[in-house]
$ cat data03.txt   # compact mmCIF, C-alpha atoms
# COMPACT_ATOMS: atom_id res chain seq x y z
CA MET A 7 100.10 67.86 96.03
CA ILE A 8 96.89 67.23 97.94
CA PRO A 9 95.39 63.80 97.18
CA ALA A 10 92.09 63.82 95.33
CA VAL A 11 89.20 63.31 97.75
CA SER A 12 85.52 63.97 97.43
CA ALA A 13 84.06 66.81 99.47
CA LEU A 14 82.28 65.59 102.56
CA PRO A 15 78.65 66.73 102.79
CA SER A 16 78.00 68.81 105.89
CA ASP A 17 75.48 66.31 107.28
CA LEU A 18 78.14 63.58 107.24
CA ARG A 19 80.79 65.52 109.12
CA ALA A 20 80.44 63.52 112.28
CA ALA A 21 83.49 62.98 114.46
CA ASP A 22 84.11 59.49 113.11
CA ALA A 23 84.03 60.72 109.49
CA ILE A 24 86.63 63.48 109.91
CA ILE A 25 90.42 63.54 109.95
CA SER A 26 91.02 64.79 113.48
CA LEU A 27 94.21 66.71 114.27
CA PRO A 28 93.62 67.86 117.86
CA CYS A 29 97.16 69.14 118.52
CA LEU A 30 97.73 70.95 115.23
CA LYS A 31 99.14 74.46 115.64
CA ARG A 32 99.77 75.43 112.01
CA LEU A 33 98.35 74.19 108.72
CA THR A 34 99.55 75.07 105.21
CA LEU A 35 97.73 73.76 102.14
CA LEU A 36 98.79 74.55 98.56
CA ASP A 37 96.80 73.29 95.58
CA LYS A 38 93.89 73.92 93.26
CA LEU A 39 90.90 75.58 94.86
CA SER A 40 88.65 72.55 94.45
CA ARG A 41 91.16 70.18 96.07
CA LEU A 42 91.74 72.55 98.97
CA LEU A 43 88.04 72.81 99.73
CA ASP A 44 87.46 69.08 99.30
CA LEU A 45 90.22 68.19 101.78
CA TRP A 46 89.17 70.96 104.18
CA SER A 47 85.73 69.38 104.48
CA HIS A 48 87.37 66.28 106.02
CA LEU A 49 89.53 68.09 108.59
CA SER A 50 88.84 68.74 112.24
CA ILE A 51 91.42 71.07 113.78
CA PRO A 52 91.64 73.15 116.96
CA PRO A 53 89.89 76.54 116.80
CA ASN A 54 93.10 78.54 117.10
CA THR A 55 95.17 76.65 114.54
CA ALA A 56 96.92 79.09 112.21
CA ILE A 57 96.00 78.46 108.57
CA GLN A 58 97.75 79.35 105.32
CA LEU A 59 96.00 78.45 102.06
CA GLY A 60 97.67 78.76 98.67
CA VAL A 61 94.71 78.75 96.29
CA ASP A 62 95.55 77.58 92.75
CA TYR A 63 99.16 77.50 93.87
CA ILE A 64 101.89 77.59 91.24
CA SER A 65 105.59 77.97 92.00
CA SER A 66 106.52 80.12 88.99
CA PRO A 67 103.43 81.89 87.65
CA SER A 68 103.41 84.11 84.60
CA PHE A 69 101.02 86.83 83.51
CA SER A 70 99.38 84.43 81.05
CA ASP A 71 98.44 82.13 83.96
CA SER A 72 96.07 84.73 85.41
CA HIS A 73 92.39 83.92 85.21
CA VAL A 74 89.07 84.84 86.75
CA ASN A 75 87.67 82.24 89.13
CA GLU A 76 84.23 83.02 90.52
CA GLN A 77 84.67 80.30 93.14
CA ARG A 78 87.29 82.33 95.03
CA SER A 79 84.55 83.90 97.11
CA SER A 80 83.69 80.42 98.43
CA VAL A 81 86.94 80.13 100.40
CA PHE A 82 85.99 82.25 103.40
CA PRO A 83 82.51 80.72 103.81
CA ALA A 84 84.27 77.34 103.90
CA LEU A 85 86.37 78.65 106.80
CA LEU A 86 83.33 80.00 108.63
CA ASP A 87 83.11 77.18 111.18
CA HIS A 88 86.79 77.54 112.05
CA LEU A 89 86.47 81.32 112.42
CA GLU A 90 83.33 81.08 114.54
CA ARG A 91 84.95 78.57 116.91
CA SER A 92 88.07 80.70 117.29
CA ASP A 93 88.80 83.41 119.82
CA LEU A 94 88.83 86.48 117.59
CA SER A 95 89.35 89.00 120.38
CA ASP A 96 93.00 89.34 119.36
CA ALA A 97 92.39 89.13 115.60
CA THR A 98 93.04 92.82 115.13
CA ALA A 99 95.10 93.32 111.96
CA LEU A 100 94.18 92.81 108.32
CA TYR A 101 96.49 92.83 105.32
CA PHE A 102 95.70 92.83 101.60
CA LYS A 103 98.48 92.68 99.03
CA MET A 104 98.62 92.21 95.27
CA ASP A 105 101.95 90.77 94.13
CA LYS A 106 101.77 91.78 90.49
CA ALA A 107 104.92 89.92 89.48
CA ARG A 108 103.64 86.63 90.89
CA ARG A 109 99.97 87.34 90.13
CA LYS A 110 99.18 86.58 93.77
CA MET A 111 96.51 88.26 95.89
CA SER A 112 96.97 87.82 99.64
CA CYS A 113 94.35 88.33 102.34
CA VAL A 114 95.82 87.85 105.80
CA LEU A 115 94.27 88.11 109.25
CA TYR A 116 96.71 88.64 112.12
CA LYS A 117 96.32 87.99 115.81
CA ARG A 118 98.07 90.25 118.28
CA ASN A 119 100.52 88.36 120.47
CA PRO A 120 99.81 88.26 124.23
CA GLY A 121 100.85 91.37 126.13
CA VAL A 122 101.32 93.57 123.05
CA THR A 123 99.54 96.93 123.04
CA LEU A 124 98.16 98.78 120.04
CA GLY A 125 100.87 101.42 120.33
CA GLU A 126 103.61 98.79 120.21
CA ARG A 127 102.34 97.30 116.98
CA SER A 128 101.00 100.33 115.13
CA ARG A 129 103.51 99.79 112.33
CA LEU A 130 103.56 96.01 112.45
CA LEU A 131 102.40 95.29 108.94
CA LEU A 132 104.64 97.84 107.33
CA HIS A 133 107.74 96.15 108.66
CA GLY A 134 106.50 92.60 109.28
CA ASP A 135 107.35 92.51 112.98
CA SER A 136 106.40 88.96 113.96
CA SER A 137 107.24 89.70 117.61
CA THR A 138 103.98 91.61 117.95
CA ASP A 139 101.55 89.70 115.72
CA SER A 140 101.16 86.25 114.20
CA VAL A 141 99.31 85.11 111.11
CA PHE A 142 96.01 83.48 112.02
CA VAL A 143 94.41 82.99 108.61
CA GLY A 144 96.22 83.70 105.37
CA VAL A 145 94.53 83.08 102.03
CA HIS A 146 96.71 83.58 98.97
CA PHE A 147 95.05 83.52 95.55
CA TYR A 148 97.58 82.59 92.86
CA LYS A 149 97.10 83.27 89.13
CA CYS A 150 94.64 85.88 90.31
CA ALA A 151 92.59 88.15 88.08
CA TRP A 152 89.27 89.71 89.03
CA GLY A 153 86.23 89.90 86.79
CA ARG A 154 82.78 91.44 86.71
CA ASN A 155 81.27 88.77 88.95
CA SER A 156 84.48 87.90 90.75
CA THR A 157 85.75 90.92 92.66
CA LEU A 158 87.73 91.58 95.79
CA GLU A 159 84.67 93.35 97.21
CA ARG A 160 82.61 90.20 96.73
CA THR A 161 85.30 88.17 98.45
CA ILE A 162 85.33 90.64 101.35
CA THR A 163 81.55 90.35 101.60
CA SER A 164 81.95 86.60 102.03
CA VAL A 165 83.97 87.13 105.22
CA PRO A 166 81.79 86.97 108.36
CA ALA A 167 81.26 90.41 109.91
CA SER A 168 82.43 89.07 113.28
CA THR A 169 85.88 88.51 111.78
CA PHE A 170 86.24 92.26 111.23
CA ALA A 171 84.77 93.32 114.57
CA LYS A 172 88.09 93.89 116.35
CA ILE A 173 90.25 95.01 113.42
CA ASP A 174 92.23 98.11 114.40
CA THR A 175 95.07 97.93 111.86
CA LEU A 176 94.77 97.62 108.08
CA GLN A 177 97.41 97.59 105.37
CA LEU A 178 96.69 97.70 101.64
CA ASP A 179 99.54 97.11 99.20
CA ASP A 180 98.94 97.95 95.55
CA ILE A 181 95.34 96.78 95.39
CA PRO A 182 93.92 97.90 92.02
CA ASN A 183 90.31 98.97 91.60
CA LEU A 184 89.37 98.40 95.23
CA ASN A 185 86.42 100.41 96.53
CA LEU A 186 88.15 101.51 99.72
CA VAL A 187 84.98 102.98 101.25
CA TYR A 188 83.36 99.56 100.90
CA LEU A 189 86.10 98.01 103.02
CA LEU A 190 86.42 100.82 105.57
CA GLU A 191 82.71 100.71 106.37
CA ARG A 192 83.25 97.17 107.63
CA LEU A 193 86.04 98.20 110.01
CA PRO A 194 84.41 100.47 112.62
CA ARG A 195 87.35 100.17 115.05
CA LEU A 196 90.10 100.98 112.56
CA ASN A 197 92.85 102.94 114.31
CA THR A 198 95.85 102.55 111.98
CA LEU A 199 95.79 102.51 108.19
CA VAL A 200 98.79 101.77 105.97
CA LEU A 201 98.35 102.53 102.27
CA ASN A 202 101.03 101.62 99.78
CA GLY A 203 100.65 103.37 96.45
CA ILE A 204 97.42 105.36 96.30
CA ASP A 205 95.62 107.60 93.86
CA ARG A 206 93.48 110.67 94.55
CA ASP A 207 90.18 108.76 94.64
CA ARG A 208 91.45 106.31 97.23
CA LEU A 209 92.80 109.12 99.37
CA MET A 210 89.43 110.86 99.23
CA ALA A 211 87.82 107.65 100.50
CA LEU A 212 89.23 108.68 103.88
CA SER A 213 87.15 111.84 103.88
CA PRO A 214 84.82 111.64 106.90
CA PHE A 215 81.71 111.73 104.70
CA ALA A 216 82.90 109.41 101.94
CA CYS A 217 79.91 107.15 102.59
CA PHE A 218 77.43 110.08 102.60
CA PRO A 219 75.43 109.09 99.46
CA HIS A 220 74.04 105.93 101.07
CA SER A 221 74.65 106.63 104.77
CA PRO A 222 74.34 110.39 105.48
CA GLN A 223 74.76 110.07 109.24
CA SER A 224 77.89 107.92 109.13
CA ILE A 225 81.47 109.11 109.46
CA ILE A 226 83.97 106.84 107.78
CA SER A 227 86.56 105.31 110.15
CA PRO A 228 85.49 107.41 113.16
CA VAL A 229 88.43 106.35 115.36
CA LEU A 230 91.15 106.41 112.70
CA ALA A 231 94.22 107.97 114.32
CA HIS A 232 97.32 106.97 112.35
CA LEU A 233 97.77 107.13 108.57
CA TYR A 234 100.88 105.75 106.86
CA LEU A 235 101.33 106.58 103.18
CA THR A 236 104.10 104.57 101.56
CA GLY A 237 105.38 104.88 98.04
CA VAL A 238 103.24 107.96 97.42
CA HIS A 239 103.98 110.26 94.49
CA LEU A 240 102.46 113.70 94.94
CA CYS A 241 101.70 115.46 91.68
CA ASP A 242 101.88 119.09 90.59
CA PRO A 243 98.45 120.54 91.53
CA SER A 244 98.34 122.47 88.25
CA LYS A 245 98.35 119.23 86.25
CA HIS A 246 95.44 116.90 85.73
CA SER A 247 96.42 113.61 87.33
CA THR A 248 94.97 110.64 89.15
CA LEU A 249 97.75 111.06 91.71
CA PRO A 250 97.08 113.10 94.84
CA CYS A 251 98.72 116.47 95.42
CA ALA A 252 99.64 118.30 98.63
CA ARG A 253 96.34 120.17 98.57
CA ASP A 254 94.44 116.86 98.61
CA ILE A 255 96.35 115.77 101.72
CA LEU A 256 95.59 119.05 103.49
CA GLU A 257 91.91 118.93 102.53
CA LEU A 258 91.64 115.42 103.93
CA LEU A 259 93.29 116.35 107.22
CA SER A 260 91.21 119.51 107.50
CA SER A 261 87.93 117.73 106.80
CA ARG A 262 88.54 115.14 109.50
CA LYS A 263 89.52 117.79 112.03
CA GLY A 264 86.48 119.84 111.06
CA VAL A 265 84.08 117.09 112.15
CA GLY A 266 85.95 116.37 115.37
CA GLN A 267 87.68 113.23 114.04
CA PRO A 268 91.26 114.45 113.46
CA LEU A 269 94.13 112.13 112.73
CA HIS A 270 96.79 111.94 115.42
CA SER A 271 99.64 111.27 113.00
CA ILE A 272 100.47 111.07 109.32
CA THR A 273 103.63 109.40 108.04
CA PHE A 274 105.12 109.48 104.55
CA GLU A 275 107.54 106.63 103.87
CA ARG A 276 109.53 106.02 100.71
CA SER A 277 107.45 108.74 99.08
CA ALA A 278 108.27 111.23 96.33
CA LEU A 279 106.76 114.55 97.38
CA ASN A 280 108.15 116.53 94.43
CA MET A 281 108.67 119.76 96.38
CA THR A 282 111.40 122.28 96.91
CA THR A 283 112.82 122.66 100.41
CA SER A 284 110.69 125.74 101.07
CA GLU A 285 107.55 124.09 99.69
CA LEU A 286 108.11 121.06 101.89
CA ALA A 287 108.59 123.28 104.95
CA SER A 288 105.33 125.08 104.20
CA PHE A 289 103.50 121.79 103.60
CA ASN A 290 104.85 120.39 106.87
CA ALA A 291 103.80 123.51 108.80
CA CYS A 292 100.27 123.35 107.38
CA MET A 293 99.91 119.68 108.30
CA LYS A 294 101.12 120.27 111.86
CA LYS A 295 98.19 122.63 112.36
CA LEU A 296 95.86 119.73 111.58
CA VAL A 297 97.56 116.67 113.13
CA HIS A 298 99.72 116.13 116.18
CA THR A 299 102.61 114.32 114.47
CA VAL A 300 104.03 114.48 110.94
CA ARG A 301 106.84 112.17 109.84
CA PHE A 302 108.89 111.80 106.65
CA LEU A 303 110.79 108.50 106.52
CA ASN A 304 113.24 107.47 103.79
CA PRO A 305 112.01 110.07 101.28
CA LYS A 306 112.59 109.52 97.58
CA ALA A 307 114.17 112.16 95.41

$ encode --input "data03.txt" --output "structure tokens"
Amino acid sequence: MIPAVSALPSDLRAADAIISLPCLKRLTLLDKLSRLLDLWSHLSIPPNTAIQLGVDYISSPSFSDSHVNEQRSSVFPALLDHLERSDLSDATALYFKMDKARRKMSCVLYKRNPGVTLGERSRLLLHGDSSTDSVFVGVHFYKCAWGRNSTLERTITSVPASTFAKIDTLQLDDIPNLNLVYLLERLPRLNTLVLNGIDRDRLMALSPFACFPHSPQSIISPVLAHLYLTGVHLCDPSKHSTLPCARDILELLSSRKGVGQPLHSITFERSALNMTTSELASFNACMKKLVHTVRFLNPKA
């Protein structure tokens, strides 16, 4: 447990008033939000120190522990100085995950390891390949529930725009009620997108003109090339459902190709496509007219 200390006012954060750790490579802090921020105000660490924060950490949470905390959006502003002093040129991957069983929301920024190319790490987040990327800043909100004035979008807004400037890879795992367009608009260099468990509305957020109502001249994710859909369940198009169907996939691919922003590849992993062999062959043939590469990995029955 972090000892109770009073937050240090910004005007008192002179070198002699700070706990200096000039050789620190990694820092992990687990405690209540207030204690984390209070201690953080006393620390002076190197700009490229990797940070993991467990906000409101609890070892064995239950559903009843979940609560709305409007102060969650204060975490990233508190890290602003560290982020601004860091070399973010290799901070190119972003990961959001909601662990429903543990009531934990994770927001993780990865740095690409030296010498690794985009092609070599295009599926990094999906398989957790630490040989290509390393965690730079990981913020994990325990006992997490979002409310009207405490949303993931508001937390994202609190992250400095410069932090997102080089992001080319994004993975979203089971994030409920996220306005995907809101996030994608902040990632102009996004090349690879991994979506785990999506509905029709979230899929349509990848339509090139998803941001048309407020930005008619903008194309969403203009350099998006690789789309990974994991754990997808395609529905029968004749039934009313929030799940996407094959037609939705084809319309998305067609719309992006139609504006000169086609995807290079689409991959279905651990997905239930609910098609006969002939239907799958037809679906595959239609997609190959719209993208260069189509892959089906570990399909579900």

$ closest_residue --input "data03.txt" --among "A:Met111, A:Leu45, A:Val141, A:Ile181" --to "Pro15 (chain A)" --atoms "all atoms listed in the file"
A:Leu45

$ residues_near_point --input "data03.txt" --point "(98.0, 116.8, 94.4)" --cutoff "8 Å" --atoms "all atoms listed in the file" --output "CSV table (one decimal) with C-alpha atoms, keeping the file's coordinate frame"
chain,number,residue,atom,x,y,z
A,206,ARG,CA,93.5,110.7,94.6
A,240,LEU,CA,102.5,113.7,94.9
A,241,CYS,CA,101.7,115.5,91.7
A,242,ASP,CA,101.9,119.1,90.6
A,243,PRO,CA,98.4,120.5,91.5
A,247,SER,CA,96.4,113.6,87.3
A,249,LEU,CA,97.8,111.1,91.7
A,250,PRO,CA,97.1,113.1,94.8
A,251,CYS,CA,98.7,116.5,95.4
A,252,ALA,CA,99.6,118.3,98.6
A,253,ARG,CA,96.3,120.2,98.6
A,254,ASP,CA,94.4,116.9,98.6
A,255,ILE,CA,96.4,115.8,101.7

$ closest_residue --input "data03.txt" --among "A:Arg301, A:Arg262, A:His270, A:His239" --to "Thr198 (chain A)" --atoms "all atoms listed in the file"
A:His270

$ closest_residue --input "data03.txt" --among "A:Gly266, A:Gly237, A:Gly60, A:Pro228" --to "Leu303 (chain A)" --atoms "all atoms listed in the file"
A:Gly237

$ residues_around --input "data03.txt" --residues "Val229 (chain A)" --least-positions-apart "2" --cutoff "7 Å" --atoms "all atoms listed in the file" --output "JSON, numbers by chain"
{"A": [195, 196, 197, 227, 231]}

$ write_last_selection --input "data03.txt" --atoms "C-alpha atoms" --output "PDB file, in the frame of the given file"
ATOM      1  CA  ARG A 195      87.350 100.170 115.050  1.00  0.00           C
ATOM      2  CA  LEU A 196      90.100 100.980 112.560  1.00  0.00           C
ATOM      3  CA  ASN A 197      92.850 102.940 114.310  1.00  0.00           C
ATOM      4  CA  SER A 227      86.560 105.310 110.150  1.00  0.00           C
ATOM      5  CA  ALA A 231      94.220 107.970 114.320  1.00  0.00           C
TER       6      ALA A 231
END

$ closest_residue --input "data03.txt" --among "A:Lys38, A:Lys106, A:Arg32, A:Lys172" --to "Pro53 (chain A)" --atoms "all atoms listed in the file"
A:Arg32

$ atom_distance --input "data03.txt" --atom1 "CA of Pro166 (chain A)" --atom2 "CA of Pro83 (chain A)"
7.8 Å

$ residues_near_point --input "data03.txt" --point "(85.1, 92.8, 106.0)" --cutoff "9 Å" --atoms "only C-alpha atoms" --output "list of chain:residue names"
A:Glu159, A:Thr161, A:Ile162, A:Thr163, A:Ser164, A:Val165, A:Pro166, A:Ala167, A:Ser168, A:Thr169, A:Phe170, A:Ala171, A:Tyr188, A:Leu189, A:Leu190, A:Glu191, A:Arg192, A:Leu193

$ build_atoms --input "data03.txt" --residues "region 74-95 of chain A" --atoms "N, CA, C and O atoms" --output "JSON list (two decimals), keeping the file's coordinate frame"
[["chain", "number", "residue", "atom", "x", "y", "z"],
["A", 74, "VAL", "N", 90.16, 84.53, 85.85],
["A", 74, "VAL", "CA", 89.07, 84.84, 86.75],
["A", 74, "VAL", "C", 88.46, 83.53, 87.24],
["A", 74, "VAL", "O", 88.19, 82.63, 86.45],
["A", 75, "ASN", "N", 88.27, 83.43, 88.55],
["A", 75, "ASN", "CA", 87.67, 82.24, 89.13],
["A", 75, "ASN", "C", 86.58, 82.69, 90.10],
["A", 75, "ASN", "O", 86.87, 83.19, 91.19],
["A", 76, "GLU", "N", 85.34, 82.54, 89.70],
["A", 76, "GLU", "CA", 84.23, 83.02, 90.52],
["A", 76, "GLU", "C", 84.07, 82.23, 91.82],
["A", 76, "GLU", "O", 83.33, 82.65, 92.71],
["A", 77, "GLN", "N", 84.76, 81.10, 91.92],
["A", 77, "GLN", "CA", 84.67, 80.30, 93.14],
["A", 77, "GLN", "C", 85.58, 80.80, 94.26],
["A", 77, "GLN", "O", 85.54, 80.28, 95.37],
["A", 78, "ARG", "N", 86.39, 81.83, 93.98],
["A", 78, "ARG", "CA", 87.29, 82.33, 95.03],
["A", 78, "ARG", "C", 86.52, 82.83, 96.24],
["A", 78, "ARG", "O", 86.99, 82.72, 97.37],
["A", 79, "SER", "N", 85.34, 83.38, 95.99],
["A", 79, "SER", "CA", 84.55, 83.90, 97.11],
["A", 79, "SER", "C", 83.98, 82.79, 97.99],
["A", 79, "SER", "O", 83.37, 83.07, 99.02],
["A", 80, "SER", "N", 84.19, 81.53, 97.61],
["A", 80, "SER", "CA", 83.69, 80.42, 98.43],
["A", 80, "SER", "C", 84.69, 80.01, 99.50],
["A", 80, "SER", "O", 84.36, 79.20, 100.38],
["A", 81, "VAL", "N", 85.91, 80.55, 99.45],
["A", 81, "VAL", "CA", 86.94, 80.13, 100.40],
["A", 81, "VAL", "C", 86.58, 80.53, 101.83],
["A", 81, "VAL", "O", 86.61, 79.71, 102.75],
["A", 82, "PHE", "N", 86.25, 81.80, 102.04],
["A", 82, "PHE", "CA", 85.99, 82.25, 103.40],
["A", 82, "PHE", "C", 84.73, 81.63, 104.00],
["A", 82, "PHE", "O", 84.72, 81.29, 105.19],
["A", 83, "PRO", "N", 83.64, 81.46, 103.24],
["A", 83, "PRO", "CA", 82.51, 80.72, 103.81],
["A", 83, "PRO", "C", 82.90, 79.30, 104.24],
["A", 83, "PRO", "O", 82.37, 78.79, 105.23],
["A", 84, "ALA", "N", 83.83, 78.68, 103.52],
["A", 84, "ALA", "CA", 84.27, 77.34, 103.90],
["A", 84, "ALA", "C", 85.01, 77.37, 105.24],
["A", 84, "ALA", "O", 85.01, 76.38, 105.98],
["A", 85, "LEU", "N", 85.63, 78.51, 105.54],
["A", 85, "LEU", "CA", 86.37, 78.65, 106.80],
["A", 85, "LEU", "C", 85.49, 79.15, 107.94],
["A", 85, "LEU", "O", 85.98, 79.35, 109.06],
["A", 86, "LEU", "N", 84.22, 79.37, 107.66],
["A", 86, "LEU", "CA", 83.33, 80.00, 108.63],
["A", 86, "LEU", "C", 83.30, 79.26, 109.97],
["A", 86, "LEU", "O", 83.40, 79.87, 111.04],
["A", 87, "ASP", "N", 83.19, 77.95, 109.93],
["A", 87, "ASP", "CA", 83.11, 77.18, 111.18],
["A", 87, "ASP", "C", 84.38, 77.37, 112.01],
["A", 87, "ASP", "O", 84.32, 77.55, 113.23],
["A", 88, "HIS", "N", 85.53, 77.36, 111.34],
["A", 88, "HIS", "CA", 86.79, 77.54, 112.05],
["A", 88, "HIS", "C", 86.86, 78.94, 112.67],
["A", 88, "HIS", "O", 87.27, 79.10, 113.83],
["A", 89, "LEU", "N", 86.44, 79.95, 111.92],
["A", 89, "LEU", "CA", 86.47, 81.32, 112.42],
["A", 89, "LEU", "C", 85.51, 81.50, 113.59],
["A", 89, "LEU", "O", 85.83, 82.17, 114.58],
["A", 90, "GLU", "N", 84.33, 80.91, 113.49],
["A", 90, "GLU", "CA", 83.33, 81.08, 114.54],
["A", 90, "GLU", "C", 83.72, 80.36, 115.83],
["A", 90, "GLU", "O", 83.32, 80.77, 116.92],
["A", 91, "ARG", "N", 84.50, 79.29, 115.72],
["A", 91, "ARG", "CA", 84.95, 78.57, 116.91],
["A", 91, "ARG", "C", 86.18, 79.20, 117.54],
["A", 91, "ARG", "O", 86.56, 78.86, 118.66],
["A", 92, "SER", "N", 86.82, 80.11, 116.83],
["A", 92, "SER", "CA", 88.07, 80.70, 117.29],
["A", 92, "SER", "C", 87.82, 81.90, 118.20],
["A", 92, "SER", "O", 86.77, 82.54, 118.14],
["A", 93, "ASP", "N", 88.81, 82.19, 119.02],
["A", 93, "ASP", "CA", 88.80, 83.41, 119.82],
["A", 93, "ASP", "C", 89.33, 84.53, 118.95],
["A", 93, "ASP", "O", 90.53, 84.61, 118.68],
["A", 94, "LEU", "N", 88.44, 85.40, 118.49],
["A", 94, "LEU", "CA", 88.83, 86.48, 117.59],
["A", 94, "LEU", "C", 89.10, 87.79, 118.31],
["A", 94, "LEU", "O", 89.28, 88.83, 117.67],
["A", 95, "SER", "N", 89.15, 87.76, 119.63],
["A", 95, "SER", "CA", 89.35, 89.00, 120.38],
["A", 95, "SER", "C", 90.70, 89.63, 120.08],
["A", 95, "SER", "O", 90.88, 90.85, 120.22]]
